>>> print(open('work39.cif').read())   # mmCIF, N, CA and C atoms
data_model
#
loop_
_atom_site.label_atom_id
_atom_site.label_comp_id
_atom_site.auth_asym_id
_atom_site.auth_seq_id
_atom_site.Cartn_x
_atom_site.Cartn_y
_atom_site.Cartn_z
N MET A 243 0.82 -1.20 0.00
CA MET A 243 0.00 0.00 0.00
C MET A 243 0.86 1.26 0.00
N LYS A 244 2.00 1.21 0.69
CA LYS A 244 2.88 2.37 0.76
C LYS A 244 3.44 2.74 -0.61
N THR A 245 3.58 1.79 -1.49
CA THR A 245 4.14 2.08 -2.80
C THR A 245 3.16 2.84 -3.69
N TYR A 246 1.87 2.75 -3.39
CA TYR A 246 0.87 3.45 -4.19
C TYR A 246 0.59 4.87 -3.70
N LEU A 247 1.02 5.21 -2.51
CA LEU A 247 0.75 6.52 -1.94
C LEU A 247 1.32 7.66 -2.80
N PRO A 248 2.58 7.61 -3.24
CA PRO A 248 3.08 8.70 -4.10
C PRO A 248 2.28 8.83 -5.40
N LEU A 249 1.87 7.72 -5.96
CA LEU A 249 1.09 7.73 -7.20
C LEU A 249 -0.27 8.40 -6.97
N VAL A 250 -0.92 8.07 -5.87
CA VAL A 250 -2.22 8.67 -5.55
C VAL A 250 -2.07 10.17 -5.33
N ILE A 251 -1.03 10.58 -4.64
CA ILE A 251 -0.79 12.02 -4.40
C ILE A 251 -0.57 12.76 -5.71
N VAL A 252 0.23 12.21 -6.59
CA VAL A 252 0.49 12.84 -7.89
C VAL A 252 -0.80 12.93 -8.71
N LEU A 253 -1.59 11.88 -8.71
CA LEU A 253 -2.85 11.90 -9.46
C LEU A 253 -3.82 12.93 -8.89
N LEU A 254 -3.90 13.07 -7.58
CA LEU A 254 -4.78 14.06 -6.97
C LEU A 254 -4.31 15.48 -7.31
N LEU A 255 -3.02 15.73 -7.22
CA LEU A 255 -2.50 17.07 -7.55
C LEU A 255 -2.72 17.40 -9.03
N ALA A 256 -2.48 16.44 -9.89
CA ALA A 256 -2.68 16.67 -11.33
C ALA A 256 -4.15 16.91 -11.64
N SER A 257 -5.03 16.18 -10.98
CA SER A 257 -6.47 16.39 -11.20
C SER A 257 -6.91 17.76 -10.71
N ALA A 258 -6.43 18.17 -9.54
CA ALA A 258 -6.78 19.49 -9.01
C ALA A 258 -6.29 20.60 -9.94
N TYR A 259 -5.08 20.46 -10.45
CA TYR A 259 -4.55 21.46 -11.39
C TYR A 259 -5.39 21.48 -12.67
N GLY A 260 -5.76 20.32 -13.18
CA GLY A 260 -6.56 20.25 -14.40
C GLY A 260 -7.93 20.90 -14.22
N ILE A 261 -8.55 20.68 -13.09
CA ILE A 261 -9.85 21.31 -12.83
C ILE A 261 -9.71 22.82 -12.74
N TRP A 262 -8.68 23.29 -12.02
CA TRP A 262 -8.45 24.73 -11.90
C TRP A 262 -8.20 25.34 -13.29
N TRP A 263 -7.35 24.70 -14.09
CA TRP A 263 -6.99 25.24 -15.40
C TRP A 263 -8.22 25.33 -16.30
N LYS A 264 -9.05 24.29 -16.30
CA LYS A 264 -10.24 24.26 -17.15
C LYS A 264 -11.22 25.37 -16.75
N ARG A 265 -11.39 25.59 -15.45
CA ARG A 265 -12.33 26.62 -14.99
C ARG A 265 -11.81 28.03 -15.24
N SER A 266 -10.50 28.22 -15.24
CA SER A 266 -9.96 29.57 -15.40
C SER A 266 -9.89 30.02 -16.86
N ARG A 267 -9.94 29.11 -17.82
CA ARG A 267 -9.87 29.47 -19.23
C ARG A 267 -11.19 30.11 -19.63
N GLY A 268 -11.11 31.32 -20.18
CA GLY A 268 -12.29 32.00 -20.68
C GLY A 268 -13.02 32.83 -19.65
N ALA A 269 -12.70 32.63 -18.39
CA ALA A 269 -13.37 33.40 -17.34
C ALA A 269 -12.89 34.85 -17.37
N ILE A 270 -13.80 35.78 -17.24
CA ILE A 270 -13.45 37.19 -17.28
C ILE A 270 -13.19 37.67 -15.87
N ARG A 271 -12.00 38.19 -15.67
CA ARG A 271 -11.59 38.70 -14.37
C ARG A 271 -11.61 40.21 -14.39
N SER A 272 -12.15 40.81 -13.35
CA SER A 272 -12.14 42.27 -13.23
C SER A 272 -10.75 42.70 -12.80
N ASN A 273 -10.28 43.76 -13.39
CA ASN A 273 -8.96 44.28 -13.06
C ASN A 273 -9.07 45.58 -12.31
N LYS A 274 -8.17 45.77 -11.39
CA LYS A 274 -8.05 47.07 -10.76
C LYS A 274 -7.17 47.89 -11.69
N ALA A 275 -7.64 49.03 -12.08
CA ALA A 275 -6.91 49.85 -13.05
C ALA A 275 -5.57 50.28 -12.48
N ILE A 276 -4.57 50.26 -13.34
CA ILE A 276 -3.25 50.74 -12.96
C ILE A 276 -3.30 52.25 -13.05
N PRO A 277 -3.01 52.97 -11.96
CA PRO A 277 -3.11 54.43 -11.99
C PRO A 277 -2.25 55.04 -13.09
N GLY A 278 -2.86 55.90 -13.88
CA GLY A 278 -2.15 56.60 -14.94
C GLY A 278 -1.90 55.79 -16.19
N HIS A 279 -2.30 54.52 -16.23
CA HIS A 279 -2.05 53.67 -17.40
C HIS A 279 -3.31 53.62 -18.26
N ARG A 280 -3.21 54.14 -19.46
CA ARG A 280 -4.34 54.12 -20.40
C ARG A 280 -3.86 53.63 -21.75
N LEU A 281 -4.71 52.86 -22.39
CA LEU A 281 -4.44 52.45 -23.76
C LEU A 281 -5.03 53.49 -24.69
N THR A 282 -4.27 53.88 -25.66
CA THR A 282 -4.73 54.89 -26.59
C THR A 282 -4.93 54.29 -27.97
N ALA A 283 -5.60 55.03 -28.82
CA ALA A 283 -5.81 54.58 -30.20
C ALA A 283 -4.47 54.43 -30.91
N GLU A 284 -3.51 55.27 -30.57
CA GLU A 284 -2.18 55.19 -31.20
C GLU A 284 -1.48 53.89 -30.81
N ALA A 285 -1.58 53.49 -29.54
CA ALA A 285 -0.93 52.27 -29.08
C ALA A 285 -1.58 51.03 -29.70
N LEU A 286 -2.88 51.08 -29.90
CA LEU A 286 -3.61 49.92 -30.44
C LEU A 286 -3.70 49.91 -31.96
N GLY A 287 -3.48 51.06 -32.58
CA GLY A 287 -3.53 51.13 -34.04
C GLY A 287 -4.90 51.37 -34.61
N GLU A 288 -5.92 51.48 -33.78
CA GLU A 288 -7.30 51.73 -34.22
C GLU A 288 -8.00 52.58 -33.16
N PRO A 289 -9.03 53.32 -33.55
CA PRO A 289 -9.76 54.11 -32.56
C PRO A 289 -10.55 53.23 -31.59
N LEU A 290 -10.73 53.73 -30.37
CA LEU A 290 -11.49 53.01 -29.35
C LEU A 290 -12.99 53.15 -29.59
N GLY A 291 -13.77 52.25 -29.03
CA GLY A 291 -15.22 52.34 -29.10
C GLY A 291 -15.72 53.47 -28.21
N SER A 292 -16.90 53.98 -28.49
CA SER A 292 -17.42 55.11 -27.73
C SER A 292 -17.81 54.72 -26.30
N ARG A 293 -18.10 53.44 -26.05
CA ARG A 293 -18.39 52.97 -24.69
C ARG A 293 -17.37 51.95 -24.21
N ALA A 294 -17.04 50.99 -25.08
CA ALA A 294 -16.13 49.91 -24.69
C ALA A 294 -15.37 49.40 -25.90
N THR A 295 -14.23 48.80 -25.62
CA THR A 295 -13.42 48.18 -26.66
C THR A 295 -12.92 46.84 -26.15
N MET A 296 -13.03 45.80 -26.98
CA MET A 296 -12.48 44.50 -26.67
C MET A 296 -11.21 44.34 -27.50
N VAL A 297 -10.08 44.21 -26.83
CA VAL A 297 -8.80 44.07 -27.51
C VAL A 297 -8.37 42.62 -27.37
N GLN A 298 -8.34 41.90 -28.49
CA GLN A 298 -7.99 40.48 -28.49
C GLN A 298 -6.57 40.29 -28.97
N PHE A 299 -5.75 39.61 -28.17
CA PHE A 299 -4.39 39.25 -28.55
C PHE A 299 -4.39 37.80 -28.98
N SER A 300 -3.88 37.53 -30.18
CA SER A 300 -3.88 36.18 -30.75
C SER A 300 -2.53 35.85 -31.35
N SER A 301 -2.36 34.58 -31.68
CA SER A 301 -1.16 34.14 -32.41
C SER A 301 -1.62 33.32 -33.61
N ALA A 302 -0.72 33.16 -34.56
CA ALA A 302 -1.09 32.58 -35.85
C ALA A 302 -1.57 31.13 -35.77
N PHE A 303 -0.97 30.32 -34.92
CA PHE A 303 -1.28 28.89 -34.91
C PHE A 303 -2.20 28.51 -33.74
N CYS A 304 -3.01 29.42 -33.30
CA CYS A 304 -3.86 29.22 -32.13
C CYS A 304 -5.30 28.99 -32.59
N ALA A 305 -5.80 27.76 -32.45
CA ALA A 305 -7.17 27.46 -32.86
C ALA A 305 -8.21 28.18 -32.00
N PRO A 306 -8.05 28.25 -30.66
CA PRO A 306 -9.03 29.00 -29.87
C PRO A 306 -9.06 30.49 -30.23
N CYS A 307 -7.96 31.01 -30.75
CA CYS A 307 -7.91 32.42 -31.16
C CYS A 307 -8.89 32.68 -32.29
N ARG A 308 -8.97 31.77 -33.24
CA ARG A 308 -9.90 31.94 -34.36
C ARG A 308 -11.35 31.90 -33.88
N ALA A 309 -11.64 30.99 -32.94
CA ALA A 309 -13.00 30.90 -32.40
C ALA A 309 -13.35 32.17 -31.62
N THR A 310 -12.40 32.68 -30.86
CA THR A 310 -12.64 33.91 -30.09
C THR A 310 -12.85 35.09 -31.03
N HIS A 311 -12.04 35.18 -32.08
CA HIS A 311 -12.18 36.26 -33.05
C HIS A 311 -13.56 36.22 -33.71
N ALA A 312 -13.99 35.03 -34.10
CA ALA A 312 -15.31 34.90 -34.74
C ALA A 312 -16.42 35.32 -33.79
N LEU A 313 -16.33 34.90 -32.53
CA LEU A 313 -17.35 35.24 -31.54
C LEU A 313 -17.41 36.74 -31.31
N LEU A 314 -16.27 37.36 -31.02
CA LEU A 314 -16.25 38.77 -30.67
C LEU A 314 -16.61 39.67 -31.85
N SER A 315 -16.10 39.35 -33.04
CA SER A 315 -16.41 40.18 -34.20
C SER A 315 -17.89 40.08 -34.56
N GLN A 316 -18.50 38.93 -34.35
CA GLN A 316 -19.94 38.78 -34.61
C GLN A 316 -20.75 39.54 -33.56
N MET A 317 -20.30 39.55 -32.32
CA MET A 317 -21.05 40.19 -31.25
C MET A 317 -21.10 41.71 -31.38
N VAL A 318 -20.06 42.32 -31.93
CA VAL A 318 -20.03 43.79 -32.01
C VAL A 318 -20.82 44.34 -33.19
N VAL A 319 -21.25 43.50 -34.11
CA VAL A 319 -21.99 43.98 -35.28
C VAL A 319 -23.22 44.80 -34.90
N PRO A 320 -24.09 44.32 -33.98
CA PRO A 320 -25.26 45.13 -33.64
C PRO A 320 -24.98 46.23 -32.60
N MET A 321 -23.75 46.29 -32.09
CA MET A 321 -23.43 47.27 -31.04
C MET A 321 -22.64 48.43 -31.64
N ASP A 322 -23.26 49.61 -31.69
CA ASP A 322 -22.59 50.76 -32.28
C ASP A 322 -21.52 51.36 -31.37
N ASP A 323 -21.65 51.14 -30.06
CA ASP A 323 -20.74 51.78 -29.12
C ASP A 323 -19.62 50.87 -28.62
N VAL A 324 -19.50 49.66 -29.17
CA VAL A 324 -18.47 48.71 -28.76
C VAL A 324 -17.64 48.35 -29.99
N LYS A 325 -16.34 48.25 -29.79
CA LYS A 325 -15.43 47.92 -30.89
C LYS A 325 -14.59 46.71 -30.52
N HIS A 326 -14.27 45.90 -31.51
CA HIS A 326 -13.38 44.75 -31.34
C HIS A 326 -12.11 45.01 -32.13
N ILE A 327 -10.97 44.98 -31.44
CA ILE A 327 -9.67 45.17 -32.10
C ILE A 327 -8.89 43.87 -31.95
N HIS A 328 -8.40 43.38 -33.07
CA HIS A 328 -7.62 42.14 -33.08
C HIS A 328 -6.14 42.49 -33.25
N ILE A 329 -5.29 41.98 -32.36
CA ILE A 329 -3.86 42.28 -32.41
C ILE A 329 -3.07 40.98 -32.44
N ASP A 330 -2.13 40.87 -33.39
CA ASP A 330 -1.25 39.71 -33.47
C ASP A 330 -0.17 39.88 -32.40
N ALA A 331 -0.17 38.99 -31.42
CA ALA A 331 0.76 39.10 -30.29
C ALA A 331 2.22 39.00 -30.74
N GLU A 332 2.48 38.18 -31.74
CA GLU A 332 3.85 37.99 -32.20
C GLU A 332 4.43 39.25 -32.86
N SER A 333 3.58 40.07 -33.43
CA SER A 333 4.03 41.30 -34.09
C SER A 333 4.09 42.49 -33.16
N HIS A 334 3.53 42.36 -31.97
CA HIS A 334 3.48 43.49 -31.02
C HIS A 334 4.01 43.05 -29.65
N LEU A 335 5.23 42.53 -29.64
CA LEU A 335 5.79 41.97 -28.41
C LEU A 335 5.96 43.01 -27.30
N GLU A 336 6.29 44.24 -27.66
CA GLU A 336 6.45 45.27 -26.64
C GLU A 336 5.12 45.54 -25.92
N LEU A 337 4.06 45.63 -26.68
CA LEU A 337 2.73 45.84 -26.09
C LEU A 337 2.31 44.63 -25.26
N VAL A 338 2.63 43.43 -25.73
CA VAL A 338 2.33 42.20 -24.99
C VAL A 338 3.03 42.21 -23.63
N ARG A 339 4.30 42.60 -23.62
CA ARG A 339 5.04 42.67 -22.35
C ARG A 339 4.47 43.75 -21.44
N GLU A 340 4.17 44.89 -22.01
CA GLU A 340 3.65 46.02 -21.23
C GLU A 340 2.32 45.66 -20.56
N LEU A 341 1.47 44.91 -21.25
CA LEU A 341 0.15 44.57 -20.74
C LEU A 341 0.12 43.22 -20.00
N ASP A 342 1.27 42.56 -19.92
CA ASP A 342 1.40 41.29 -19.23
C ASP A 342 0.46 40.23 -19.80
N ILE A 343 0.49 40.09 -21.13
CA ILE A 343 -0.29 39.06 -21.81
C ILE A 343 0.53 37.77 -21.73
N ARG A 344 -0.03 36.74 -21.10
CA ARG A 344 0.72 35.51 -20.86
C ARG A 344 0.31 34.35 -21.75
N SER A 345 -0.86 34.44 -22.37
CA SER A 345 -1.31 33.36 -23.25
C SER A 345 -2.24 33.95 -24.29
N THR A 346 -2.43 33.17 -25.36
CA THR A 346 -3.38 33.59 -26.38
C THR A 346 -4.46 32.52 -26.48
N PRO A 347 -5.69 32.89 -26.71
CA PRO A 347 -6.17 34.25 -26.82
C PRO A 347 -6.36 34.90 -25.45
N THR A 348 -6.06 36.17 -25.38
CA THR A 348 -6.37 36.99 -24.21
C THR A 348 -7.14 38.19 -24.73
N THR A 349 -8.27 38.48 -24.10
CA THR A 349 -9.10 39.61 -24.49
C THR A 349 -9.16 40.59 -23.33
N LEU A 350 -8.80 41.85 -23.63
CA LEU A 350 -8.90 42.92 -22.64
C LEU A 350 -10.19 43.69 -22.88
N PHE A 351 -10.88 44.04 -21.82
CA PHE A 351 -12.07 44.86 -21.91
C PHE A 351 -11.68 46.26 -21.44
N ILE A 352 -11.79 47.22 -22.36
CA ILE A 352 -11.33 48.59 -22.13
C ILE A 352 -12.54 49.52 -22.11
N ASN A 353 -12.58 50.44 -21.15
CA ASN A 353 -13.68 51.40 -21.14
C ASN A 353 -13.39 52.54 -22.12
N LYS A 354 -14.28 53.51 -22.22
CA LYS A 354 -14.13 54.59 -23.21
C LYS A 354 -12.90 55.46 -22.96
N ASP A 355 -12.38 55.43 -21.72
CA ASP A 355 -11.20 56.22 -21.38
C ASP A 355 -9.90 55.47 -21.64
N GLY A 356 -9.98 54.23 -22.11
CA GLY A 356 -8.79 53.45 -22.40
C GLY A 356 -8.24 52.69 -21.20
N ILE A 357 -9.04 52.55 -20.15
CA ILE A 357 -8.61 51.86 -18.94
C ILE A 357 -9.13 50.42 -18.96
N GLU A 358 -8.24 49.48 -18.70
CA GLU A 358 -8.62 48.07 -18.67
C GLU A 358 -9.50 47.80 -17.45
N VAL A 359 -10.69 47.24 -17.70
CA VAL A 359 -11.61 46.95 -16.61
C VAL A 359 -11.89 45.45 -16.47
N GLY A 360 -11.37 44.64 -17.40
CA GLY A 360 -11.55 43.20 -17.33
C GLY A 360 -10.64 42.50 -18.31
N ARG A 361 -10.46 41.20 -18.08
CA ARG A 361 -9.55 40.42 -18.92
C ARG A 361 -10.04 38.98 -18.95
N ALA A 362 -9.99 38.37 -20.14
CA ALA A 362 -10.35 36.95 -20.30
C ALA A 362 -9.19 36.23 -20.95
N ALA A 363 -8.68 35.19 -20.28
CA ALA A 363 -7.65 34.33 -20.87
C ALA A 363 -8.37 33.10 -21.40
N GLY A 364 -8.21 32.82 -22.67
CA GLY A 364 -8.93 31.72 -23.29
C GLY A 364 -10.18 32.26 -24.00
N THR A 365 -10.99 31.35 -24.49
CA THR A 365 -12.20 31.75 -25.21
C THR A 365 -13.35 31.95 -24.23
N PRO A 366 -13.83 33.19 -24.10
CA PRO A 366 -14.96 33.42 -23.18
C PRO A 366 -16.27 32.95 -23.81
N LYS A 367 -17.24 32.73 -22.97
CA LYS A 367 -18.58 32.39 -23.45
C LYS A 367 -19.33 33.67 -23.78
N ARG A 368 -20.28 33.56 -24.68
CA ARG A 368 -21.06 34.72 -25.13
C ARG A 368 -21.72 35.45 -23.95
N GLU A 369 -22.29 34.71 -23.02
CA GLU A 369 -22.95 35.31 -21.86
C GLU A 369 -21.96 36.09 -21.00
N GLN A 370 -20.73 35.55 -20.87
CA GLN A 370 -19.70 36.23 -20.08
C GLN A 370 -19.31 37.57 -20.72
N VAL A 371 -19.20 37.57 -22.03
CA VAL A 371 -18.85 38.79 -22.75
C VAL A 371 -19.97 39.83 -22.60
N LEU A 372 -21.20 39.39 -22.75
CA LEU A 372 -22.33 40.31 -22.61
C LEU A 372 -22.39 40.90 -21.19
N ALA A 373 -22.13 40.08 -20.18
CA ALA A 373 -22.13 40.57 -18.79
C ALA A 373 -21.00 41.56 -18.57
N ALA A 374 -19.83 41.28 -19.12
CA ALA A 374 -18.68 42.18 -18.95
C ALA A 374 -18.95 43.52 -19.65
N LEU A 375 -19.55 43.48 -20.82
CA LEU A 375 -19.86 44.72 -21.54
C LEU A 375 -20.96 45.50 -20.84
N ALA A 376 -21.94 44.80 -20.26
CA ALA A 376 -23.02 45.49 -19.54
C ALA A 376 -22.49 46.21 -18.31
N ALA A 377 -21.40 45.71 -17.73
CA ALA A 377 -20.83 46.34 -16.54
C ALA A 377 -20.05 47.60 -16.88
N ILE A 378 -19.72 47.80 -18.15
CA ILE A 378 -18.96 48.99 -18.56
C ILE A 378 -19.95 50.09 -18.90
N ARG A 379 -19.87 51.17 -18.20
CA ARG A 379 -20.75 52.34 -18.45
C ARG A 379 -19.97 53.49 -19.01
#
>>> encode(input="work39.cif", output="structure tokens")
Amino acid sequence: MKTYLPLVIVLLLASAYGIWWKRSRGAIRSNKAIPGHRLTAEALGEPLGSRATMVQFSSAFCAPCRATHALLSQMVVPMDDVKHIHIDAESHLELVRELDIRSTPTTLFINKDGIEVGRAAGTPKREQVLAALAAIR
């Protein structure tokens, strides 16, 4: 029985990590704004939305990135005051480092002043995106 104890411990730890990782992908986390840090249209390469902007960081060989892009670009069609900006992370490494983007896809939710108010790592669900946008005034 003693020989199986390390195996059981490793399996429990791996399972706990897997459950945590699965639940954290796509979940939108509220951010406390960094004082004085604002994203501008010049930094992003496109103008911001009049109420909110979703800034998606992607990489070329990322399948979830394509699904996230399709979801977000479709969602902003009926919304005149929300904009979706797609940024290739590999081409904008300085911005990726500055914003602490650790994986793709990562979507930042920016208010009209250019302040990050939320972040989703992974592909968020449609309901999560709608709730995050509703919270931005």
>>> closest_atom_pairs(input="work39.cif", of="region 316-351 of chain A", to="region 259-271 of chain A", cutoff="10 Å", atoms="only C-alpha atoms", output="Markdown table")
| residue | atom | partner | partner_atom | distance |
| --- | --- | --- | --- | --- |
| A:Pro347 | CA | A:Gly268 | CA | 9.0 |
| A:Thr348 | CA | A:Gly268 | CA | 8.5 |
| A:Thr349 | CA | A:Ile270 | CA | 8.8 |
| A:Leu350 | CA | A:Ile270 | CA | 9.1 |
| A:Phe351 | CA | A:Ile270 | CA | 9.1 |
>>> select_by_dssp(input="work39.cif", residues="region 245-376 of chain A", states="helix (DSSP H, G or I)", output="PyMOL selection string")
chain A and resi 247-266+283-286+305-317+331-333+335-341+368-376
>>> closest_residue(input="work39.cif", among="A:Ala363, A:Ile329, A:Leu255, A:Ala374", to="Ser301 (chain A)", atoms="only N, CA and C atoms")
A:Ile329
>>> residues_around(input="work39.cif", residues="Ser315 (chain A)", least_positions_apart="5", cutoff="8 Å", atoms="all atoms listed in the file", output="ChimeraX atom specification")
/A:309-310,320,325-327
>>> closest_residue(input="work39.cif", among="A:Glu369, A:Leu281, A:Val250, A:Phe299", to="His328 (chain A)", atoms="only N, CA and C atoms")
A:Phe299
>>> closest_residue(input="work39.cif", among="A:Val252, A:Val359, A:Thr346, A:Gly291", to="Pro306 (chain A)", atoms="all atoms listed in the file")
A:Thr346
>>> resolve_selection(input="work39.cif", expression="the PyMOL selection byres ((chain A and resi 332) around 8)", output="NGL selection string")
:A and (299-302 or 329-331 or 333-336 or 338)
>>> decode(input="work39.cif", residues="region 280-365 of chain A", atoms="C-alpha atoms", output="PDB file, in the first residue's frame")
ATOM      1  CA  ARG A 280      -4.338  54.121 -20.396  1.00  0.00           C
ATOM      2  CA  LEU A 281      -4.439  52.450 -23.757  1.00  0.00           C
ATOM      3  CA  THR A 282      -4.729  54.895 -26.591  1.00  0.00           C
ATOM      4  CA  ALA A 283      -5.807  54.584 -30.201  1.00  0.00           C
ATOM      5  CA  GLU A 284      -2.184  55.189 -31.202  1.00  0.00           C
ATOM      6  CA  ALA A 285      -0.934  52.267 -29.079  1.00  0.00           C
ATOM      7  CA  LEU A 286      -3.612  49.923 -30.438  1.00  0.00           C
ATOM      8  CA  GLY A 287      -3.529  51.128 -34.036  1.00  0.00           C
ATOM      9  CA  GLU A 288      -7.298  51.733 -34.216  1.00  0.00           C
ATOM     10  CA  PRO A 289      -9.763  54.115 -32.557  1.00  0.00           C
ATOM     11  CA  LEU A 290     -11.486  53.009 -29.351  1.00  0.00           C
ATOM     12  CA  GLY A 291     -15.220  52.342 -29.098  1.00  0.00           C
ATOM     13  CA  SER A 292     -17.423  55.111 -27.726  1.00  0.00           C
ATOM     14  CA  ARG A 293     -18.394  52.970 -24.692  1.00  0.00           C
ATOM     15  CA  ALA A 294     -16.127  49.913 -24.688  1.00  0.00           C
ATOM     16  CA  THR A 295     -13.417  48.178 -26.661  1.00  0.00           C
ATOM     17  CA  MET A 296     -12.478  44.497 -26.668  1.00  0.00           C
ATOM     18  CA  VAL A 297      -8.799  44.068 -27.508  1.00  0.00           C
ATOM     19  CA  GLN A 298      -7.992  40.483 -28.487  1.00  0.00           C
ATOM     20  CA  PHE A 299      -4.391  39.248 -28.550  1.00  0.00           C
ATOM     21  CA  SER A 300      -3.880  36.184 -30.753  1.00  0.00           C
ATOM     22  CA  SER A 301      -1.163  34.143 -32.409  1.00  0.00           C
ATOM     23  CA  ALA A 302      -1.087  32.575 -35.848  1.00  0.00           C
ATOM     24  CA  PHE A 303      -1.285  28.894 -34.911  1.00  0.00           C
ATOM     25  CA  CYS A 304      -3.855  29.224 -32.130  1.00  0.00           C
ATOM     26  CA  ALA A 305      -7.167  27.457 -32.858  1.00  0.00           C
ATOM     27  CA  PRO A 306      -9.025  28.998 -29.875  1.00  0.00           C
ATOM     28  CA  CYS A 307      -7.908  32.417 -31.156  1.00  0.00           C
ATOM     29  CA  ARG A 308      -9.901  31.938 -34.360  1.00  0.00           C
ATOM     30  CA  ALA A 309     -12.996  30.904 -32.403  1.00  0.00           C
ATOM     31  CA  THR A 310     -12.635  33.914 -30.094  1.00  0.00           C
ATOM     32  CA  HIS A 311     -12.182  36.260 -33.053  1.00  0.00           C
ATOM     33  CA  ALA A 312     -15.310  34.898 -34.742  1.00  0.00           C
ATOM     34  CA  LEU A 313     -17.355  35.242 -31.544  1.00  0.00           C
ATOM     35  CA  LEU A 314     -16.251  38.773 -30.670  1.00  0.00           C
ATOM     36  CA  SER A 315     -16.411  40.179 -34.197  1.00  0.00           C
ATOM     37  CA  GLN A 316     -19.936  38.778 -34.607  1.00  0.00           C
ATOM     38  CA  MET A 317     -21.051  40.190 -31.247  1.00  0.00           C
ATOM     39  CA  VAL A 318     -20.031  43.791 -32.006  1.00  0.00           C
ATOM     40  CA  VAL A 319     -21.991  43.977 -35.280  1.00  0.00           C
ATOM     41  CA  PRO A 320     -25.255  45.133 -33.638  1.00  0.00           C
ATOM     42  CA  MET A 321     -23.426  47.268 -31.040  1.00  0.00           C
ATOM     43  CA  ASP A 322     -22.590  50.764 -32.276  1.00  0.00           C
ATOM     44  CA  ASP A 323     -20.743  51.782 -29.117  1.00  0.00           C
ATOM     45  CA  VAL A 324     -18.472  48.709 -28.764  1.00  0.00           C
ATOM     46  CA  LYS A 325     -15.429  47.925 -30.887  1.00  0.00           C
ATOM     47  CA  HIS A 326     -13.380  44.746 -31.345  1.00  0.00           C
ATOM     48  CA  ILE A 327      -9.672  45.173 -32.095  1.00  0.00           C
ATOM     49  CA  HIS A 328      -7.615  42.136 -33.081  1.00  0.00           C
ATOM     50  CA  ILE A 329      -3.856  42.281 -32.408  1.00  0.00           C
ATOM     51  CA  ASP A 330      -1.253  39.714 -33.470  1.00  0.00           C
ATOM     52  CA  ALA A 331       0.759  39.096 -30.289  1.00  0.00           C
ATOM     53  CA  GLU A 332       3.854  37.992 -32.201  1.00  0.00           C
ATOM     54  CA  SER A 333       4.027  41.296 -34.094  1.00  0.00           C
ATOM     55  CA  HIS A 334       3.476  43.486 -31.023  1.00  0.00           C
ATOM     56  CA  LEU A 335       5.792  41.973 -28.409  1.00  0.00           C
ATOM     57  CA  GLU A 336       6.450  45.273 -26.636  1.00  0.00           C
ATOM     58  CA  LEU A 337       2.729  45.840 -26.094  1.00  0.00           C
ATOM     59  CA  VAL A 338       2.329  42.204 -24.991  1.00  0.00           C
ATOM     60  CA  ARG A 339       5.038  42.670 -22.355  1.00  0.00           C
ATOM     61  CA  GLU A 340       3.646  46.015 -21.230  1.00  0.00           C
ATOM     62  CA  LEU A 341       0.152  44.567 -20.738  1.00  0.00           C
ATOM     63  CA  ASP A 342       1.400  41.289 -19.227  1.00  0.00           C
ATOM     64  CA  ILE A 343      -0.286  39.056 -21.815  1.00  0.00           C
ATOM     65  CA  ARG A 344       0.724  35.511 -20.863  1.00  0.00           C
ATOM     66  CA  SER A 345      -1.305  33.360 -23.252  1.00  0.00           C
ATOM     67  CA  THR A 346      -3.383  33.593 -26.384  1.00  0.00           C
ATOM     68  CA  PRO A 347      -6.173  34.254 -26.823  1.00  0.00           C
ATOM     69  CA  THR A 348      -6.371  36.989 -24.215  1.00  0.00           C
ATOM     70  CA  THR A 349      -9.100  39.613 -24.488  1.00  0.00           C
ATOM     71  CA  LEU A 350      -8.898  42.920 -22.638  1.00  0.00           C
ATOM     72  CA  PHE A 351     -12.073  44.859 -21.909  1.00  0.00           C
ATOM     73  CA  ILE A 352     -11.330  48.590 -22.127  1.00  0.00           C
ATOM     74  CA  ASN A 353     -13.683  51.403 -21.144  1.00  0.00           C
ATOM     75  CA  LYS A 354     -14.135  54.587 -23.212  1.00  0.00           C
ATOM     76  CA  ASP A 355     -11.203  56.219 -21.381  1.00  0.00           C
ATOM     77  CA  GLY A 356      -8.785  53.447 -22.395  1.00  0.00           C
ATOM     78  CA  ILE A 357      -8.609  51.856 -18.945  1.00  0.00           C
ATOM     79  CA  GLU A 358      -8.622  48.069 -18.675  1.00  0.00           C
ATOM     80  CA  VAL A 359     -11.612  46.946 -16.606  1.00  0.00           C
ATOM     81  CA  GLY A 360     -11.553  43.202 -17.332  1.00  0.00           C
ATOM     82  CA  ARG A 361      -9.555  40.415 -18.921  1.00  0.00           C
ATOM     83  CA  ALA A 362     -10.349  36.953 -20.298  1.00  0.00           C
ATOM     84  CA  ALA A 363      -7.648  34.332 -20.869  1.00  0.00           C
ATOM     85  CA  GLY A 364      -8.932  31.722 -23.293  1.00  0.00           C
ATOM     86  CA  THR A 365     -12.197  31.751 -25.207  1.00  0.00           C
TER      87      THR A 365
END
